[in-house]
Amino acid sequence: MNPEYYLILAAALFCIGAVGVLVRRNSIVVFMCVELMLNAGNLTLVTFARTTGTVDGQVMAFFVMAVAAAEVVVGLAIIMSIYRSRRSASVDDANLLKA
Amino acid sequence: MDEISYAPAEGLLSFTWVLIALPALGAAILLLAGRRADKWGHWVGVTTIGAAFALALGLFGSLAGLEDKSAQLDLFTVIEVGSVKIDASLLFDPLSAVFCLLITGVGFLIHVYAVGYMAHDPGRRKFFAYFNLFAAAMLILVLGGNYFMTFVGWEGVGLASYLLIAFWQLKPAAATAGKKAFLTNRVADVGFLLAMFLMLGTLGTVDFAGVFNGAAELSTTTSLALGLLLLAAACGKSGQWPFQTWLPDAMEGPTPVSALIHAATMVTAGVYLIARSNVIFSLNPDVQTAVVVVGALTLLFGSIVGCAKDDIKRVLAWSTVSQIGYMFLAVGLGGGAFALGIIHLLAHGFFKAGLFLGSGSVMHAMNDQTDIRRFGGLWRKMPLTYATFAAGWLAIIGLFPFSGYFTKDPIIAAAFTREGWQGWVVGGAALLGAALTAFYMTRLFVLTFHGPKRWTEDVHPHESPAIMTGPLVLLGIGSLAAGGLMASPVTEWLTPVFGEHHEAHGHLTHLQVTVATTVAVVLGAALAWVLFRNGTDEVPRAAAWPVRLARADLGGEAVNRGVFERPSRLAASASVAMDGRVVDGAVNGLSAAIGGSSRRLLTLQTGFVRSYALSILSGAVIVVAALMVVVTQ
């Protein structure tokens with residue numbers, strides 16, 4: 001099968017993820033979109049590993065997954081504590097850094 | 001010229017340092033003991049100065065018995081750098097001996113007087129501490145064996161003078177007068193410092209013997225500079241033109257201070273300096289001319305302003321300026337006139353101290369009134385003060401056979417010995433000065449003691465207590481007799497310092513000068529008697545411009561204001577403006593620029609996570625696009 005299709009799919013997933021991060025307010029959804037972008041990245045890595053016939057890209061994908069898993073733990077913990085203190089999961093409400 | 005050398009001190013003379021230590025010890029006790037000494041402190045002051053007088057008499061006797069009339073005492077080394085070595089050395093020779101006797105003798109009488117005068121002043125202990133400090137510093141000044149020690153004393157008396165002028169420091173006029181005296185003296189003292197630097201630079205020493213022996217080899221320019229620098233220092237301390245303005249203001253201090261420091265001793269330090277440096281001054285005729293001009297100008301200046309003043313102490317202050325002008329004239333003429341200057345200085349020390357103490361006695365009786373237009377008819381109320389003041393008055397105007405006749409006349413005669421037209425000008429000035437002196441002193445005397453009484457109702461004049469009149473009587477006797485008794489023995493006594501001199505012949509013979517002076521003095525005194533025997537207006541009448549000018553100190557203050565004060569104020573306000581606008585402006589501008597740009601940058605912090613995400617995304621897109629452009633090329 002032509003690897004280009006995988007790359008196009010990955011690009012499409014990345015764009016969906018990016019747009020989702022930019023337009024959605026719910027922090028859980030934003031978080032999921034971030035995961036989507038990471039997985040789009042993983043898909044390209046695996047695709048290129050397949051085309052070049054090496055395992056580097058696959059190894060890298062595992063690293064990304066491991067980091068993503070750790071990030072999810074931290075991210076969800078932050079979202080939880082923000083929700084507890086503000087009773088809201090909207091990313092626009094958490095604007096304490098506004099000048 | 002003979003080599004100048006000083007013999008080392010032996011016997012009693014090796015205790016010369018005790019002369020300084022006594023009043024210094026008194027000052028230390030009074031200052032350190034604090035309030036505990038309030039009850040008996042003044043007697044410590046009187047005793048130490050009295051003991052110093054006794055010791056000075058003993059030293060004087062020892063010196064008289066010596067062959068070469070000098071005793072140098074090296075105490076310790078103060079500065080030793082390379083080839084320069086400066087010792088704390090004392091020199092007791094005929095010149096310093098007469099000064100020591102004057103300082104401790106007149107100083108003792110004035111100390112005794114001050115016990116009575118300051119009796120009701122809460123600061124009497126402090127007053128005596130400063131008074132003793134002054135005596136110690138003045139003794140260092142005249143006993144110093146090199147210019148460095150003289151300078152130490154010079155600054156010491158400046159400090160004591162400042163402390164005592166501003167003694168009533170809560171009175172703004174006194175505080176200002178103290179500062180003025182201090183600052184004016186500092187300006188002139190730069191001359192002294194530069195002169196010492198010049199000596200060290202050219203001769204490598206500041207010892208009297210070294211400087212005097214080396215002075216002959218100096219170039220004309222150097223000796224001119226040296227002479228003029230020393231003259232500047234002398235003018236500052238002695239209140240001579242152009243530094244005269246501080247001296248009359250110094251009368252804000254207590255009257256014993258005016259008598260001791262600003263009449264009898266400290267202000268004559270300039271004369272001492274020139275007399276001590278007679279070798280340097282005799283070298284260069286231009287320097288001598290400068291001293292003569294300063295002396296003649298100041299003696300006229302002082303006597304003219306003295307005629308126009310109505311404050312008893314200020315008249316006496318201007319008279320001091322004028323009399324020191326006579327001394328400067330004498331030491332400027334050089335040769336045999338050096339001794340004349342010193343003799344007039346000694347006689348002046350007596351009669352001016354007596355006059356000042358007399359004025360203090362009058363003020364004491366008149367509730368501290370100093371305006372002579374408010375006196376009159378006091379002779380009946382305070383006969384002792386009247387008699388002693390009369391003695392001082394006769395002495396200062398110089399009628400035969402009183403003090404001034406023996407000391408001032410020879411100076412006037414010496415002034416006529418200057419060659420050519422200068423002799424006529426200088427001699428004429430001195431003669432005119434004598435007439436003016438007779439005029440203003442008679443005016444002062446008549447307005448104070450004679451004529452109708454012009455006091456206010458609440459004043460009850462009375463004679464001062466014995467502790468004040470005692471010194472007055474002694475000084476009065478000194479005023480009458482000192483000149484006649486001292487003139488020729490002192491001249492002889494000072495010969496080792498100034499050398500032998502034969503009487504010079506001038507435009508006029510001594511007899512002619514005597515006659516001319518006597519006529520001038522009698523005319524001046526008679527004019528004042530006629531004008532003021534019936535009193536005077538209590539408010540000054542509108543007068544013609546010469547009188548107005550004299551009332552304004554002949555423009556001395558105006559010159560100070562125009563030449564020094566106004567430019568200084570301008571410079572100060574320019575500096576403030578420069579600091580405020582330019583320096584502060586640059587600093588504030590920089591901080592404002594940074595603050596403003598930060599505030600503008602702040603608006604980028606929206607607080608919306610999604611907008612940050614957008615900027616991260618666009619950044620990433622830009623980086624990727626740039627990479628693609630670079631890679632595909």
# chains A, B, ... in the order shown; residues from 1 in each chain; ligands from 1
$ closest_atom_pairs --of "chain B" --to "chain A" --cutoff "8 Å" --atoms "only C-alpha atoms" --output "JSON lines"
{"residue": "B:Leu602", "atom": "CA", "partner": "A:Ala99", "partner_atom": "CA", "distance": 5.8}
{"residue": "B:Thr603", "atom": "CA", "partner": "A:Ala99", "partner_atom": "CA", "distance": 6.4}
{"residue": "B:Gln605", "atom": "CA", "partner": "A:Lys98", "partner_atom": "CA", "distance": 5.4}
{"residue": "B:Thr606", "atom": "CA", "partner": "A:Lys98", "partner_atom": "CA", "distance": 4.9}
{"residue": "B:Gly607", "atom": "CA", "partner": "A:Lys98", "partner_atom": "CA", "distance": 3.8}
{"residue": "B:Phe608", "atom": "CA", "partner": "A:Asp92", "partner_atom": "CA", "distance": 5.5}
{"residue": "B:Val609", "atom": "CA", "partner": "A:Val91", "partner_atom": "CA", "distance": 6.4}
{"residue": "B:Arg610", "atom": "CA", "partner": "A:Leu22", "partner_atom": "CA", "distance": 5.3}
{"residue": "B:Ser611", "atom": "CA", "partner": "A:Leu22", "partner_atom": "CA", "distance": 7.4}
{"residue": "B:Ala613", "atom": "CA", "partner": "A:Leu22", "partner_atom": "CA", "distance": 6.7}
{"residue": "B:Leu614", "atom": "CA", "partner": "A:Leu22", "partner_atom": "CA", "distance": 6.5}
{"residue": "B:Leu617", "atom": "CA", "partner": "A:Ala18", "partner_atom": "CA", "distance": 7.9}
$ select_by_dssp --residues "range 293-377 of chain B" --states "alpha helix (DSSP H)" --output "ChimeraX atom specification"
/B:293-308,312-333,337-365
$ residues_around --residues "range 249-252 of chain B" --least-positions-apart "2" --cutoff "6 Å" --atoms "only C-alpha atoms" --output "short mmCIF file (atom, residue, chain, number, x, y, z; two decimals) with N, CA and C atoms, in the first residue's frame"
data_model
loop_
_atom_site.label_atom_id
_atom_site.label_comp_id
_atom_site.auth_asym_id
_atom_site.auth_seq_id
_atom_site.Cartn_x
_atom_site.Cartn_y
_atom_site.Cartn_z
N ILE B 165 33.24 83.15 68.02
CA ILE B 165 32.36 84.13 67.36
C ILE B 165 30.93 83.58 67.38
N ALA B 174 25.14 85.58 64.89
CA ALA B 174 26.41 85.07 65.41
C ALA B 174 26.83 83.82 64.63
N ALA B 177 28.10 84.95 61.31
CA ALA B 177 29.39 85.64 61.41
C ALA B 177 30.51 84.62 61.62
N TRP B 246 35.22 90.04 57.30
CA TRP B 246 34.82 89.13 58.38
C TRP B 246 35.05 89.72 59.76
N LEU B 247 36.05 90.61 59.87
CA LEU B 247 36.45 91.06 61.20
C LEU B 247 35.36 91.85 61.93
N SER B 258 36.13 89.44 71.51
CA SER B 258 36.52 90.52 70.62
C SER B 258 37.81 91.16 71.12
#
$ residues_around --residues "Phe328 in chain B" --least-positions-apart "3" --cutoff "7 Å" --atoms "only C-alpha atoms" --output "ChimeraX atom specification"
/B:271,291-292,295,324-325,331-332
$ residues_around --residues "Gly116 in chain B" --least-positions-apart "6" --cutoff "9 Å" --atoms "only C-alpha atoms" --output "PyMOL selection string"
chain B and resi 464-468
$ residues_around --residues "Asn367 in chain B" --least-positions-apart "6" --cutoff "9 Å" --atoms "only C-alpha atoms" --output "ChimeraX atom specification"
/B:459-461
$ write_last_selection --atoms "C-alpha atoms" --output "PDB file, in the first residue's frame"
ATOM      1  CA  VAL B 459      18.143 101.264  81.684  1.00  0.00           C
ATOM      2  CA  HIS B 460      19.951 101.895  84.962  1.00  0.00           C
ATOM      3  CA  PRO B 461      23.668 102.253  84.233  1.00  0.00           C
TER       4      PRO B 461
END
$ residues_around --residues "Gly17 in chain A" --least-positions-apart "6" --cutoff "10 Å" --atoms "only C-alpha atoms" --output "MDAnalysis selection string"
chainID A and resid 11 29:40
$ atom_distance --atom1 "CA of Val206 in chain B" --atom2 "CA of Leu22 in chain B"
26.6 Å
$ atom_distance --atom1 "CA of Gly123 in chain B" --atom2 "CA of His111 in chain B"
14.8 Å
$ closest_residue --among "B:Leu12, B:Ile477, B:Ile280, B:Met486" --to "Asn213 in chain B" --atoms "only C-alpha atoms"
B:Ile280
$ atom_distance --atom1 "CA of Ala387 in chain B" --atom2 "CA of Ala52 in chain B"
29.4 Å
